$ cat protein.tsv   # TSV, C-alpha atoms
chain	number	residue	atom	x	y	z
A	1	MET	CA	214.61	-7.48	80.60
A	2	ALA	CA	217.30	-7.92	77.96
A	3	GLU	CA	220.98	-7.13	78.47
A	4	LEU	CA	221.97	-3.54	77.76
A	5	THR	CA	223.11	-3.31	74.15
A	6	ASP	CA	226.12	-1.35	73.03
A	7	THR	CA	223.74	1.24	71.60
A	8	ALA	CA	221.94	1.55	74.95
A	9	LEU	CA	225.25	2.00	76.79
A	10	ARG	CA	226.28	4.74	74.36
A	11	GLU	CA	222.95	6.54	74.86
A	12	ILE	CA	223.37	6.42	78.64
A	13	ARG	CA	226.92	7.74	78.40
A	14	ARG	CA	225.83	10.62	76.16
A	15	ASP	CA	222.92	11.50	78.46
A	16	LEU	CA	225.34	11.69	81.39
A	17	HIS	CA	227.92	13.60	79.37
A	18	ARG	CA	225.36	16.35	78.71
A	19	ILE	CA	224.69	17.02	82.41
A	20	PRO	CA	228.07	17.29	84.20
A	21	GLU	CA	227.98	18.70	87.74
A	22	LEU	CA	230.65	19.74	90.22
A	23	ALA	CA	231.51	17.99	93.46
A	24	LEU	CA	228.65	17.73	95.99
A	25	HIS	CA	226.23	19.33	93.49
A	26	GLU	CA	225.44	16.24	91.38
A	27	THR	CA	221.66	16.45	91.85
A	28	GLN	CA	220.65	16.05	88.20
A	29	THR	CA	223.17	13.25	87.74
A	30	GLN	CA	221.91	11.40	90.80
A	31	ALA	CA	218.30	11.77	89.63
A	32	TYR	CA	219.22	10.31	86.22
A	33	LEU	CA	221.03	7.37	87.83
A	34	ARG	CA	218.19	6.70	90.22
A	35	LYS	CA	215.62	6.76	87.41
A	36	GLN	CA	217.61	4.21	85.43
A	37	ILE	CA	218.19	1.93	88.40
A	38	THR	CA	214.60	2.13	89.64
A	39	ALA	CA	213.42	0.93	86.22
A	40	TRP	CA	215.43	-2.25	86.82
A	41	ALA	CA	214.15	-2.80	90.36
A	42	THR	CA	213.83	-6.36	91.61
A	43	PRO	CA	212.73	-7.89	94.94
A	44	PHE	CA	216.41	-8.37	95.86
A	45	MET	CA	217.38	-4.71	95.20
A	46	GLN	CA	217.57	-1.91	97.79
A	47	ILE	CA	218.36	1.75	97.05
A	48	ARG	CA	219.40	4.28	99.66
A	49	THR	CA	220.85	7.76	99.98
A	50	VAL	CA	223.09	9.28	102.66
A	51	PRO	CA	221.66	12.40	104.38
A	52	ALA	CA	225.12	13.74	105.25
A	53	VAL	CA	226.24	13.40	101.60
A	54	PRO	CA	222.95	14.00	99.75
A	55	THR	CA	224.17	13.24	96.22
A	56	ALA	CA	225.65	9.84	97.15
A	57	LEU	CA	223.66	6.81	95.97
A	58	LEU	CA	223.97	3.23	97.22
A	59	VAL	CA	222.37	0.16	95.64
A	60	ARG	CA	222.45	-3.28	97.25
A	61	LEU	CA	221.63	-6.53	95.48
A	62	ALA	CA	221.07	-9.42	97.89
A	63	GLY	CA	222.81	-12.64	96.90
A	64	THR	CA	221.24	-16.06	96.52
A	65	ALA	CA	223.76	-17.75	98.85
A	66	PRO	CA	225.99	-14.95	100.15
A	67	THR	CA	229.27	-15.50	101.92
A	68	ARG	CA	230.36	-11.86	101.62
A	69	THR	CA	229.44	-8.47	100.17
A	70	ILE	CA	231.38	-7.24	97.14
A	71	GLY	CA	231.47	-3.49	96.54
A	72	TYR	CA	231.76	-1.69	93.21
A	73	ARG	CA	232.36	2.07	93.19
A	74	THR	CA	232.02	4.70	90.48
A	75	ASP	CA	232.54	8.45	90.75
A	76	ILE	CA	229.86	10.81	89.39
A	77	ASP	CA	231.19	14.39	89.51
A	78	ALA	CA	232.72	16.54	86.76
A	79	LEU	CA	235.28	19.33	86.42
A	80	PRO	CA	235.13	23.14	86.02
A	81	VAL	CA	236.31	22.87	82.41
A	82	ALA	CA	234.65	24.48	79.38
A	83	GLU	CA	234.15	21.69	76.84
A	84	ALA	CA	235.95	22.00	73.50
A	85	THR	CA	235.08	18.68	71.84
A	86	GLY	CA	232.44	20.00	69.41
A	87	LEU	CA	230.44	16.81	69.97
A	88	PRO	CA	226.68	16.90	69.33
A	89	TYR	CA	226.12	15.65	72.90
A	90	ALA	CA	228.51	18.15	74.52
A	91	SER	CA	227.93	19.53	78.00
A	92	THR	CA	224.82	21.65	78.41
A	93	HIS	CA	226.22	23.16	81.61
A	94	PRO	CA	228.52	26.07	80.69
A	95	GLY	CA	232.01	25.79	82.13
A	96	VAL	CA	231.51	22.25	83.43
A	97	MET	CA	232.57	19.05	81.64
A	98	HIS	CA	233.15	15.35	82.18
A	99	ALA	CA	236.80	15.94	81.29
A	100	CYS	CA	237.98	13.00	83.40
A	101	GLY	CA	235.62	10.39	81.94
A	102	HIS	CA	233.34	9.90	84.93
A	103	ASP	CA	230.46	9.59	82.47
A	104	VAL	CA	232.24	6.49	81.15
A	105	HIS	CA	232.75	5.21	84.70
A	106	MET	CA	229.05	5.61	85.53
A	107	THR	CA	227.93	3.94	82.31
A	108	VAL	CA	230.08	0.88	82.94
A	109	ALA	CA	228.78	0.68	86.52
A	110	LEU	CA	225.18	0.84	85.28
A	111	GLY	CA	225.93	-1.90	82.76
A	112	ILE	CA	227.29	-4.14	85.52
A	113	LEU	CA	224.38	-3.36	87.84
A	114	HIS	CA	221.85	-4.03	85.07
A	115	HIS	CA	223.36	-7.47	84.44
A	116	PHE	CA	223.09	-8.51	88.08
A	117	ALA	CA	219.58	-7.07	88.36
A	118	GLN	CA	218.68	-9.70	85.73
A	119	HIS	CA	220.93	-12.46	87.05
A	120	GLN	CA	220.77	-12.39	90.84
A	121	PRO	CA	224.29	-12.55	92.22
A	122	LYS	CA	225.44	-15.35	94.49
A	123	ASP	CA	227.15	-12.95	96.91
A	124	ASN	CA	225.69	-9.62	97.95
A	125	LEU	CA	226.68	-6.77	95.63
A	126	LEU	CA	226.97	-3.15	96.76
A	127	PHE	CA	227.16	-0.36	94.16
A	128	PHE	CA	228.43	3.02	95.37
A	129	PHE	CA	227.74	5.99	93.07
A	130	GLN	CA	230.15	8.42	94.70
A	131	PRO	CA	229.99	12.19	94.48
A	132	ALA	CA	232.97	14.50	94.85
A	133	GLU	CA	235.97	12.56	93.60
A	134	GLU	CA	237.60	15.52	91.86
A	135	ALA	CA	237.31	17.65	95.01
A	136	GLU	CA	235.92	17.35	98.54
A	137	TYR	CA	236.81	13.62	98.88
A	138	GLY	CA	233.32	12.16	98.65
A	139	GLY	CA	234.44	8.61	99.45
A	140	LYS	CA	235.80	9.59	102.86
A	141	ARG	CA	232.78	11.80	103.54
A	142	THR	CA	230.41	8.91	102.85
A	143	PHE	CA	232.47	6.50	104.93
A	144	ASP	CA	232.63	8.97	107.83
A	145	ALA	CA	228.84	9.34	107.62
A	146	GLY	CA	228.52	5.66	108.51
A	147	ALA	CA	227.12	4.53	105.17
A	148	PHE	CA	229.17	1.31	105.02
A	149	THR	CA	227.90	-0.44	108.13
A	150	GLY	CA	225.79	-3.52	108.81
A	151	GLU	CA	224.53	-5.19	105.65
A	152	TRP	CA	225.89	-2.23	103.65
A	153	ARG	CA	229.48	-2.97	104.63
A	154	PRO	CA	231.53	-4.42	101.76
A	155	ASP	CA	234.15	-7.08	102.36
A	156	GLU	CA	236.06	-5.93	99.28
A	157	PHE	CA	235.80	-3.04	96.81
A	158	TYR	CA	236.49	-2.62	93.08
A	159	GLY	CA	236.49	0.31	90.67
A	160	LEU	CA	237.95	1.60	87.42
A	161	HIS	CA	239.38	4.73	85.85
A	162	ASP	CA	239.46	5.46	82.14
A	163	ASP	CA	242.84	5.88	80.40
A	164	PRO	CA	242.92	7.82	77.11
A	165	ALA	CA	246.37	6.46	76.24
A	166	ARG	CA	245.22	2.82	76.12
A	167	PRO	CA	243.26	1.05	73.35
A	168	ALA	CA	239.49	1.08	73.75
A	169	GLY	CA	238.37	-1.65	76.14
A	170	GLN	CA	241.81	-2.64	77.42
A	171	ILE	CA	241.94	-3.56	81.13
A	172	ALA	CA	245.16	-2.79	82.99
A	173	THR	CA	246.33	-2.75	86.59
A	174	ARG	CA	249.20	-3.90	88.79
A	175	GLN	CA	250.02	-5.31	92.17
A	176	GLY	CA	250.80	-2.67	94.78
A	177	THR	CA	250.28	1.06	94.32
A	178	LEU	CA	248.45	2.09	91.15
A	179	PHE	CA	247.94	5.81	91.82
A	180	ALA	CA	249.71	8.27	94.08
A	181	GLY	CA	248.31	9.91	97.16
A	182	THR	CA	247.99	13.68	97.05
A	183	THR	CA	247.94	16.66	99.38
A	184	GLU	CA	246.77	20.18	98.53
A	185	ILE	CA	249.11	23.06	99.46
A	186	HIS	CA	247.49	26.42	100.28
A	187	LEU	CA	249.89	29.05	101.62
A	188	THR	CA	249.28	32.71	102.44
A	189	LEU	CA	252.22	34.93	103.35
A	190	THR	CA	251.42	38.32	104.88
A	191	GLY	CA	253.96	41.13	105.14
A	192	ARG	CA	253.71	44.92	104.92
A	193	GLY	CA	253.24	46.75	101.63
A	194	GLY	CA	255.01	49.91	100.59
A	195	HIS	CA	256.51	52.01	97.82
A	196	ALA	CA	258.91	50.22	95.50
A	197	ALA	CA	261.46	52.99	96.12
A	198	PHE	CA	261.54	52.31	99.89
A	199	PRO	CA	261.88	48.54	100.34
A	200	HIS	CA	263.47	49.01	103.78
A	201	GLN	CA	260.12	50.35	105.01
A	202	ALA	CA	258.14	47.30	103.85
A	203	THR	CA	258.11	43.52	104.25
A	204	ASP	CA	257.97	42.02	100.79
A	205	ALA	CA	255.59	39.03	100.65
A	206	LEU	CA	256.36	38.41	96.97
A	207	VAL	CA	260.08	37.90	97.62
A	208	ALA	CA	259.22	35.53	100.45
A	209	ALA	CA	256.86	33.63	98.13
A	210	ALA	CA	259.56	33.34	95.47
A	211	ALA	CA	261.96	31.91	98.05
A	212	PHE	CA	259.36	29.37	99.14
A	213	VAL	CA	258.80	28.23	95.54
A	214	MET	CA	262.53	27.69	95.04
A	215	GLN	CA	263.14	25.97	98.37
A	216	VAL	CA	260.37	23.39	98.04
A	217	GLN	CA	262.05	22.16	94.86
A	218	THR	CA	264.55	20.39	97.14
A	219	VAL	CA	261.89	18.38	99.01
A	220	VAL	CA	261.80	15.60	96.43
A	221	SER	CA	265.37	15.84	95.15
A	222	ARG	CA	266.94	15.71	98.61
A	223	ASN	CA	264.42	13.89	100.80
A	224	VAL	CA	262.60	11.23	98.75
A	225	ASP	CA	264.24	7.94	97.75
A	226	PRO	CA	264.78	8.45	94.00
A	227	VAL	CA	263.63	4.89	93.33
A	228	ARG	CA	260.18	5.77	94.77
A	229	GLY	CA	259.75	9.31	93.42
A	230	GLY	CA	257.44	12.13	94.36
A	231	VAL	CA	256.16	15.52	93.26
A	232	VAL	CA	255.90	18.96	94.84
A	233	THR	CA	254.42	21.44	92.38
A	234	ILE	CA	253.34	25.02	93.01
A	235	GLY	CA	250.82	25.75	90.29
A	236	ALA	CA	249.57	29.20	91.29
A	237	LEU	CA	251.12	32.31	92.85
A	238	HIS	CA	249.16	35.52	93.28
A	239	ALA	CA	250.82	38.63	94.69
A	240	GLY	CA	250.81	42.37	94.19
A	241	THR	CA	248.82	44.74	92.01
A	242	ILE	CA	251.30	46.98	90.18
A	243	GLY	CA	255.02	47.16	89.49
A	244	ASN	CA	255.91	50.05	91.78
A	245	VAL	CA	254.14	48.77	94.91
A	246	ILE	CA	255.66	46.16	97.21
A	247	ALA	CA	253.19	43.34	97.76
A	248	ASP	CA	251.81	43.05	101.27
A	249	SER	CA	250.58	39.48	100.76
A	250	ALA	CA	251.06	36.48	98.51
A	251	HIS	CA	248.99	33.35	98.07
A	252	LEU	CA	250.27	30.07	96.62
A	253	ASP	CA	248.50	26.82	95.70
A	254	GLY	CA	250.15	23.53	94.88
A	255	THR	CA	250.25	19.76	95.35
A	256	ILE	CA	252.29	17.04	97.02
A	257	ARG	CA	252.20	13.56	95.45
A	258	ALA	CA	253.88	10.27	96.29
A	259	PHE	CA	253.25	6.54	96.08
A	260	ARG	CA	253.69	5.86	99.80
A	261	GLN	CA	251.77	7.46	102.63
A	262	THR	CA	254.93	7.62	104.75
A	263	ASP	CA	256.62	9.66	102.00
A	264	ILE	CA	253.60	11.98	101.76
A	265	GLU	CA	253.70	12.62	105.50
A	266	MET	CA	257.45	13.28	105.40
A	267	MET	CA	256.99	15.68	102.45
A	268	GLN	CA	254.20	17.48	104.30
A	269	ALA	CA	256.54	17.97	107.28
A	270	ARG	CA	259.31	19.32	105.03
A	271	VAL	CA	256.97	21.77	103.28
A	272	ARG	CA	255.74	22.99	106.68
A	273	ALA	CA	259.30	23.40	107.97
A	274	ILE	CA	260.27	25.40	104.86
A	275	ALA	CA	257.20	27.64	105.22
A	276	ASP	CA	258.02	28.30	108.88
A	277	GLY	CA	261.62	29.05	107.94
A	278	ILE	CA	260.49	31.49	105.24
A	279	GLY	CA	258.33	33.25	107.81
A	280	ALA	CA	261.26	33.65	110.21
A	281	THR	CA	263.77	34.63	107.52
A	282	TYR	CA	261.63	37.19	105.69
A	283	GLY	CA	259.55	38.47	108.58
A	284	VAL	CA	256.18	37.46	107.10
A	285	ALA	CA	253.22	35.78	108.77
A	286	VAL	CA	252.59	32.24	107.54
A	287	ASP	CA	249.19	30.57	107.09
A	288	LEU	CA	249.76	27.09	105.62
A	289	GLN	CA	247.03	24.54	104.97
A	290	LEU	CA	247.97	21.02	103.89
A	291	ILE	CA	244.83	19.09	102.96
A	292	GLN	CA	244.97	15.39	102.07
A	293	GLY	CA	241.36	14.51	102.82
A	294	GLY	CA	240.66	11.10	101.29
A	295	TYR	CA	243.33	11.21	98.58
A	296	MET	CA	245.46	8.35	99.87
A	297	PRO	CA	247.64	6.20	97.59
A	298	VAL	CA	245.53	3.70	95.63
A	299	GLU	CA	247.06	0.47	96.95
A	300	ASN	CA	245.68	-2.66	95.33
A	301	ALA	CA	245.24	-5.55	97.78
A	302	PRO	CA	247.48	-8.56	96.99
A	303	ALA	CA	244.93	-11.41	97.06
A	304	GLN	CA	242.07	-9.67	95.26
A	305	THR	CA	244.42	-8.19	92.67
A	306	ALA	CA	246.13	-11.50	91.97
A	307	ASP	CA	242.72	-13.07	91.36
A	308	LEU	CA	241.64	-10.24	89.07
A	309	ILE	CA	244.88	-10.32	87.07
A	310	ALA	CA	244.70	-14.10	86.66
A	311	TYR	CA	241.09	-13.89	85.48
A	312	MET	CA	241.79	-11.12	82.95
A	313	GLN	CA	244.90	-12.89	81.62
A	314	GLN	CA	243.11	-16.19	81.14
A	315	THR	CA	239.79	-15.01	79.74
A	316	PRO	CA	239.40	-15.07	75.94
A	317	GLY	CA	238.32	-11.72	74.53
A	318	VAL	CA	239.80	-9.61	77.35
A	319	ASP	CA	242.51	-7.19	76.23
A	320	TRP	CA	244.79	-7.25	79.26
A	321	ALA	CA	247.96	-5.26	80.04
A	322	GLU	CA	250.22	-4.71	83.01
A	323	SER	CA	250.26	-1.09	84.20
A	324	ALA	CA	253.00	1.08	85.62
A	325	PRO	CA	252.13	3.25	88.65
A	326	ALA	CA	250.94	6.80	87.89
A	327	MET	CA	251.07	10.08	89.82
A	328	THR	CA	247.34	10.46	89.19
A	329	GLY	CA	245.35	11.09	92.38
A	330	GLU	CA	242.12	9.22	93.23
A	331	ASP	CA	240.13	9.24	96.45
A	332	PHE	CA	239.31	5.54	95.96
A	333	GLY	CA	242.61	5.19	97.80
A	334	PHE	CA	240.84	6.01	101.04
A	335	LEU	CA	238.27	3.24	100.56
A	336	LEU	CA	241.03	0.75	99.71
A	337	GLN	CA	242.58	1.58	103.09
A	338	GLN	CA	239.31	0.51	104.73
A	339	PHE	CA	238.42	-2.47	102.51
A	340	PRO	CA	240.71	-4.66	100.39
A	341	GLY	CA	240.17	-4.43	96.66
A	342	THR	CA	241.49	-3.34	93.30
A	343	MET	CA	241.26	-0.44	90.86
A	344	VAL	CA	241.88	-0.95	87.15
A	345	TRP	CA	242.40	1.22	84.11
A	346	LEU	CA	239.91	0.99	81.22
A	347	GLY	CA	241.40	2.13	77.92
A	348	VAL	CA	239.30	4.71	76.02
A	349	ASN	CA	241.59	5.38	73.02
A	350	ASP	CA	242.06	9.14	72.87
A	351	PRO	CA	245.86	9.45	73.02
A	352	ALA	CA	245.81	13.01	71.69
A	353	HIS	CA	244.09	14.26	74.85
A	354	ALA	CA	245.00	13.68	78.47
A	355	LEU	CA	242.60	13.45	81.39
A	356	HIS	CA	241.20	16.89	82.32
A	357	ASP	CA	241.71	18.13	78.73
A	358	ALA	CA	238.80	20.23	77.42
A	359	ALA	CA	238.89	18.21	74.18
A	360	LEU	CA	238.94	14.74	75.78
A	361	ALA	CA	236.59	12.46	73.81
A	362	PRO	CA	236.66	8.84	75.06
A	363	ASP	CA	236.00	6.15	72.46
A	364	GLU	CA	232.62	4.62	73.28
A	365	ALA	CA	233.83	1.30	71.87
A	366	ALA	CA	235.32	0.83	75.36
A	367	LEU	CA	231.92	0.59	77.08
A	368	SER	CA	230.78	-2.94	76.25
A	369	PRO	CA	234.23	-4.56	76.74
A	370	GLY	CA	234.52	-2.79	80.08
A	371	VAL	CA	231.14	-4.06	81.23
A	372	ASP	CA	231.80	-7.58	79.95
A	373	ALA	CA	235.24	-7.87	81.58
A	374	LEU	CA	234.03	-6.69	84.99
A	375	VAL	CA	230.77	-8.66	84.91
A	376	GLY	CA	232.84	-11.73	84.08
A	377	PHE	CA	235.29	-11.07	86.90
A	378	LEU	CA	232.55	-10.50	89.48
A	379	ARG	CA	230.80	-13.70	88.41
A	380	HIS	CA	234.14	-15.53	88.69
A	381	ARG	CA	234.74	-13.95	92.10
A	382	MET	CA	231.37	-15.23	93.33
A	383	GLY	CA	231.79	-18.70	91.85
A	384	MET	CA	228.99	-18.15	89.32
A	385	PRO	CA	229.16	-19.67	85.82
A	386	GLN	CA	230.20	-17.28	83.10
A	387	VAL	CA	227.42	-15.82	80.95
A	388	LYS	CA	227.99	-18.16	77.99
A	389	GLU	CA	228.10	-21.16	80.30
A	390	GLU	CA	224.88	-20.04	82.00
A	391	THR	CA	223.20	-19.50	78.62
A	392	ASN	CA	224.18	-23.00	77.53
A	393	ASP	CA	222.83	-24.65	80.68

$ encode --input "protein.tsv" --output "structure tokens"
Amino acid sequence: MAELTDTALREIRRDLHRIPELALHETQTQAYLRKQITAWATPFMQIRTVPAVPTALLVRLAGTAPTRTIGYRTDIDALPVAEATGLPYASTHPGVMHACGHDVHMTVALGILHHFAQHQPKDNLLFFFQPAEEAEYGGKRTFDAGAFTGEWRPDEFYGLHDDPARPAGQIATRQGTLFAGTTEIHLTLTGRGGHAAFPHQATDALVAAAAFVMQVQTVVSRNVDPVRGGVVTIGALHAGTIGNVIADSAHLDGTIRAFRQTDIEMMQARVRAIADGIGATYGVAVDLQLIQGGYMPVENAPAQTADLIAYMQQTPGVDWAESAPAMTGEDFGFLLQQFPGTMVWLGVNDPAHALHDAALAPDEAALSPGVDALVGFLRHRMGMPQVKEETND
């Protein structure tokens, strides 16, 4: 079984790009992954699913002389975005697209797995093909289902996220927090509708909603240390039906983001206090849901991250860069709260398009360098000779 060529990696990525699926519905994607992995089966490979999270897929490679189990995670879901790339291998599922590059993530993971299916690892390796990263926090769901117990429990976890702003193949990360934690805001305000000419006979939910939007703008500016930063954004407000009718209800959706969990919890408390105050001031009923799920800050562990950074800096052929923290959310943060590890950026060279853009088109030249850098690091982490050294032996 030869190593996966760059052409083979590109074919896999395009196959996956054609079949994007939303969170917890990744059945076709999981079947494709399982078919590929089964074709590489070895006596030291085990494959399992998780009944409580049916589209999750776990693969374990037993080590030759294991002292630990190293985990590698990739996300497999897509977004409700209608693709606008015009590529010949564009999404075949209308209104759904790999607009966040999870097809790239999966391809790199398969390349790493394929290598260690040929070259049995020294330590145990656990690959987690995770559903529901974009929504429904699939990492936490799988953890809560007891999937990471016994011989399936990793001692440390690694993963990557593509970055369109970086050159193809560049690896970047940092010590400390890489991505923010997030919380969904869902608020419904219920008043009493009426004629626009008789506001004193109604309770205007739209006015109350407008006051809430304005007041939450002070949560960051007056409560969060400006050195640390944070975000409270209300992205949707729906109220009323026509200009001469006072709205009886209003619904708002938004997000809270910060780099520290303590800041997130403080911001949640402030948003709740403001909502309760709006209810009392404007006489409307308040139904507020703040949902964090598994979207904790992605906090890279000091020891594992120092080792990864040192390896990437010192290895010829690796394009390495230090990264600033980003307000991007990622539910890998939950797993890093359970197991020490590191997440890195992989540059995919599409600076004209941000993540979640309908025209995002990652440069496939990133695939082989991504696989090579992470295979090399995992071999280093396990005390195995590098591929060239092994070939020369």

$ residues_around --input "protein.tsv" --residues "A:Gln215" --least-positions-apart "2" --cutoff "12 Å" --atoms "all atoms listed in the file" --output "ChimeraX atom specification"
/A:208-213,217-222,232-234,270-278

$ closest_residue --input "protein.tsv" --among "A:Leu113, A:Ile76, A:Ala239, A:Ala84" --to "A:Thr38" --atoms "all atoms listed in the file"
A:Leu113

$ atom_distance --input "protein.tsv" --atom1 "atom CA of A:Asp123" --atom2 "atom CA of A:Tyr32"
26.8 Å

$ closest_atom_pairs --input "protein.tsv" --of "stretch 41-159 of chain A" --to "stretch 323-330 of chain A" --cutoff "12 Å" --atoms "all atoms listed in the file" --output "tab-separated table"
residue	atom	partner	partner_atom	distance
A:Thr74	CA	A:Glu330	CA	11.4
A:Asp75	CA	A:Glu330	CA	9.9
A:Cys100	CA	A:Thr328	CA	11.3
A:Ala132	CA	A:Glu330	CA	10.7
A:Glu133	CA	A:Glu330	CA	7.0
A:Glu134	CA	A:Glu330	CA	7.9
A:Ala135	CA	A:Glu330	CA	9.9
A:Glu136	CA	A:Glu330	CA	11.5
A:Tyr137	CA	A:Glu330	CA	8.9
A:Gly138	CA	A:Glu330	CA	10.7
A:Gly139	CA	A:Glu330	CA	9.9
A:Lys140	CA	A:Glu330	CA	11.5
A:Gly159	CA	A:Glu330	CA	10.8

$ closest_residue --input "protein.tsv" --among "A:Val348, A:Val207, A:Val284, A:Ile256" --to "A:Ala361" --atoms "all atoms listed in the file"
A:Val348

$ closest_residue --input "protein.tsv" --among "A:Glu156, A:Glu265, A:Asp15, A:Asp253" --to "A:Ala90" --atoms "all atoms listed in the file"
A:Asp15

$ atom_distance --input "protein.tsv" --atom1 "atom CA of A:Glu322" --atom2 "atom CA of A:Arg381"
20.2 Å

$ atom_distance --input "protein.tsv" --atom1 "atom CA of A:Leu308" --atom2 "atom CA of A:Leu125"
16.7 Å

$ closest_residue --input "protein.tsv" --among "A:Ala365, A:Ile19, A:Ala354, A:Val245" --to "A:Ala31" --atoms "only C-alpha atoms"
A:Ile19

$ closest_residue --input "protein.tsv" --among "A:Ala285, A:Leu189, A:Arg166, A:Ala280" --to "A:Ala321" --atoms "only C-alpha atoms"
A:Arg166

$ residues_near_point --input "protein.tsv" --point "(249.2, 27.4, 101.5)" --cutoff "8 Å" --atoms "only C-alpha atoms" --output "list of chain:residue names"
A:Ile185, A:His186, A:Leu187, A:Thr188, A:His251, A:Leu252, A:Asp253, A:Gly254, A:Asp287, A:Leu288, A:Gln289, A:Leu290

$ residues_around --input "protein.tsv" --residues "A:Asn349" --least-positions-apart "3" --cutoff "10 Å" --atoms "all atoms listed in the file" --output "list in words"
Asp162, Asp163, Pro164, Ala165, Arg166, Pro167, Ala168, Gly169, Gln170, Leu346, Ala352, His353, Ala361, Pro362, Asp363, Glu364, Ala365 and Ala366 of chain A

$ residues_near_point --input "protein.tsv" --point "(224.2, 10.8, 96.4)" --cutoff "7 Å" --atoms "all atoms listed in the file" --output "ChimeraX atom specification"
/A:30,49-50,53-57,129-131

$ residues_around --input "protein.tsv" --residues "stretch 368-377 of chain A" --least-positions-apart "6" --cutoff "7 Å" --atoms "only C-alpha atoms" --output "list in words"
Asp6, Val108, Gly111, Ile112, Gly169, Leu308, Tyr311, Val318, Leu346 and Gln386 of chain A

$ closest_residue --input "protein.tsv" --among "A:Ile171, A:Leu58, A:Ala197, A:Ala359" --to "A:Met312" --atoms "all atoms listed in the file"
A:Ile171

$ closest_atom_pairs --input "protein.tsv" --of "stretch 143-183 of chain A" --to "stretch 331-343 of chain A" --cutoff "8 Å" --atoms "all atoms listed in the file" --output "CSV"
residue,atom,partner,partner_atom,distance
A:Phe143,CA,A:Leu335,CA,8.0
A:Pro154,CA,A:Phe339,CA,7.2
A:Asp155,CA,A:Phe339,CA,6.3
A:Glu156,CA,A:Pro340,CA,4.9
A:Phe157,CA,A:Gly341,CA,4.6
A:Tyr158,CA,A:Thr342,CA,5.1
A:Gly159,CA,A:Met343,CA,4.8
A:Leu160,CA,A:Met343,CA,5.2
A:His161,CA,A:Met343,CA,7.4
A:Thr173,CA,A:Met343,CA,7.0
A:Leu178,CA,A:Met343,CA,7.6
A:Gly181,CA,A:Gly333,CA,7.4

$ decode --input "protein.tsv" --residues "stretch 95-129 of chain A" --atoms "C-alpha atoms" --output "PDB file, in the first residue's frame"
ATOM      1  CA  GLY A  95     -28.174  24.865  -0.201  1.00  0.00           C
ATOM      2  CA  VAL A  96     -25.412  22.994   1.639  1.00  0.00           C
ATOM      3  CA  MET A  97     -21.671  23.586   1.240  1.00  0.00           C
ATOM      4  CA  HIS A  98     -18.319  22.888   2.859  1.00  0.00           C
ATOM      5  CA  ALA A  99     -17.914  26.640   3.312  1.00  0.00           C
ATOM      6  CA  CYS A 100     -15.677  26.211   6.364  1.00  0.00           C
ATOM      7  CA  GLY A 101     -13.204  23.768   4.810  1.00  0.00           C
ATOM      8  CA  HIS A 102     -14.159  20.637   6.722  1.00  0.00           C
ATOM      9  CA  ASP A 103     -13.571  18.698   3.500  1.00  0.00           C
ATOM     10  CA  VAL A 104      -9.941  19.831   3.770  1.00  0.00           C
ATOM     11  CA  HIS A 105      -9.849  18.829   7.449  1.00  0.00           C
ATOM     12  CA  MET A 106     -11.161  15.331   6.677  1.00  0.00           C
ATOM     13  CA  THR A 107      -8.747  14.834   3.793  1.00  0.00           C
ATOM     14  CA  VAL A 108      -5.731  15.707   5.928  1.00  0.00           C
ATOM     15  CA  ALA A 109      -6.982  13.364   8.673  1.00  0.00           C
ATOM     16  CA  LEU A 110      -7.362  10.534   6.156  1.00  0.00           C
ATOM     17  CA  GLY A 111      -3.845  11.195   4.870  1.00  0.00           C
ATOM     18  CA  ILE A 112      -2.455  10.935   8.404  1.00  0.00           C
ATOM     19  CA  LEU A 113      -4.471   7.804   9.165  1.00  0.00           C
ATOM     20  CA  HIS A 114      -3.377   6.175   5.899  1.00  0.00           C
ATOM     21  CA  HIS A 115       0.280   6.751   6.759  1.00  0.00           C
ATOM     22  CA  PHE A 116      -0.020   5.083  10.155  1.00  0.00           C
ATOM     23  CA  ALA A 117      -2.073   2.231   8.706  1.00  0.00           C
ATOM     24  CA  GLN A 118       1.071   1.465   6.670  1.00  0.00           C
ATOM     25  CA  HIS A 119       3.593   2.307   9.391  1.00  0.00           C
ATOM     26  CA  GLN A 120       2.241   1.004  12.686  1.00  0.00           C
ATOM     27  CA  PRO A 121       2.557   3.732  15.299  1.00  0.00           C
ATOM     28  CA  LYS A 122       4.596   3.265  18.449  1.00  0.00           C
ATOM     29  CA  ASP A 123       1.878   4.754  20.665  1.00  0.00           C
ATOM     30  CA  ASN A 124      -1.812   4.072  20.213  1.00  0.00           C
ATOM     31  CA  LEU A 125      -3.494   6.506  17.821  1.00  0.00           C
ATOM     32  CA  LEU A 126      -7.177   7.456  18.042  1.00  0.00           C
ATOM     33  CA  PHE A 127      -8.849   9.233  15.110  1.00  0.00           C
ATOM     34  CA  PHE A 128     -12.158  10.989  15.838  1.00  0.00           C
ATOM     35  CA  PHE A 129     -14.262  11.926  12.800  1.00  0.00           C
TER      36      PHE A 129
END
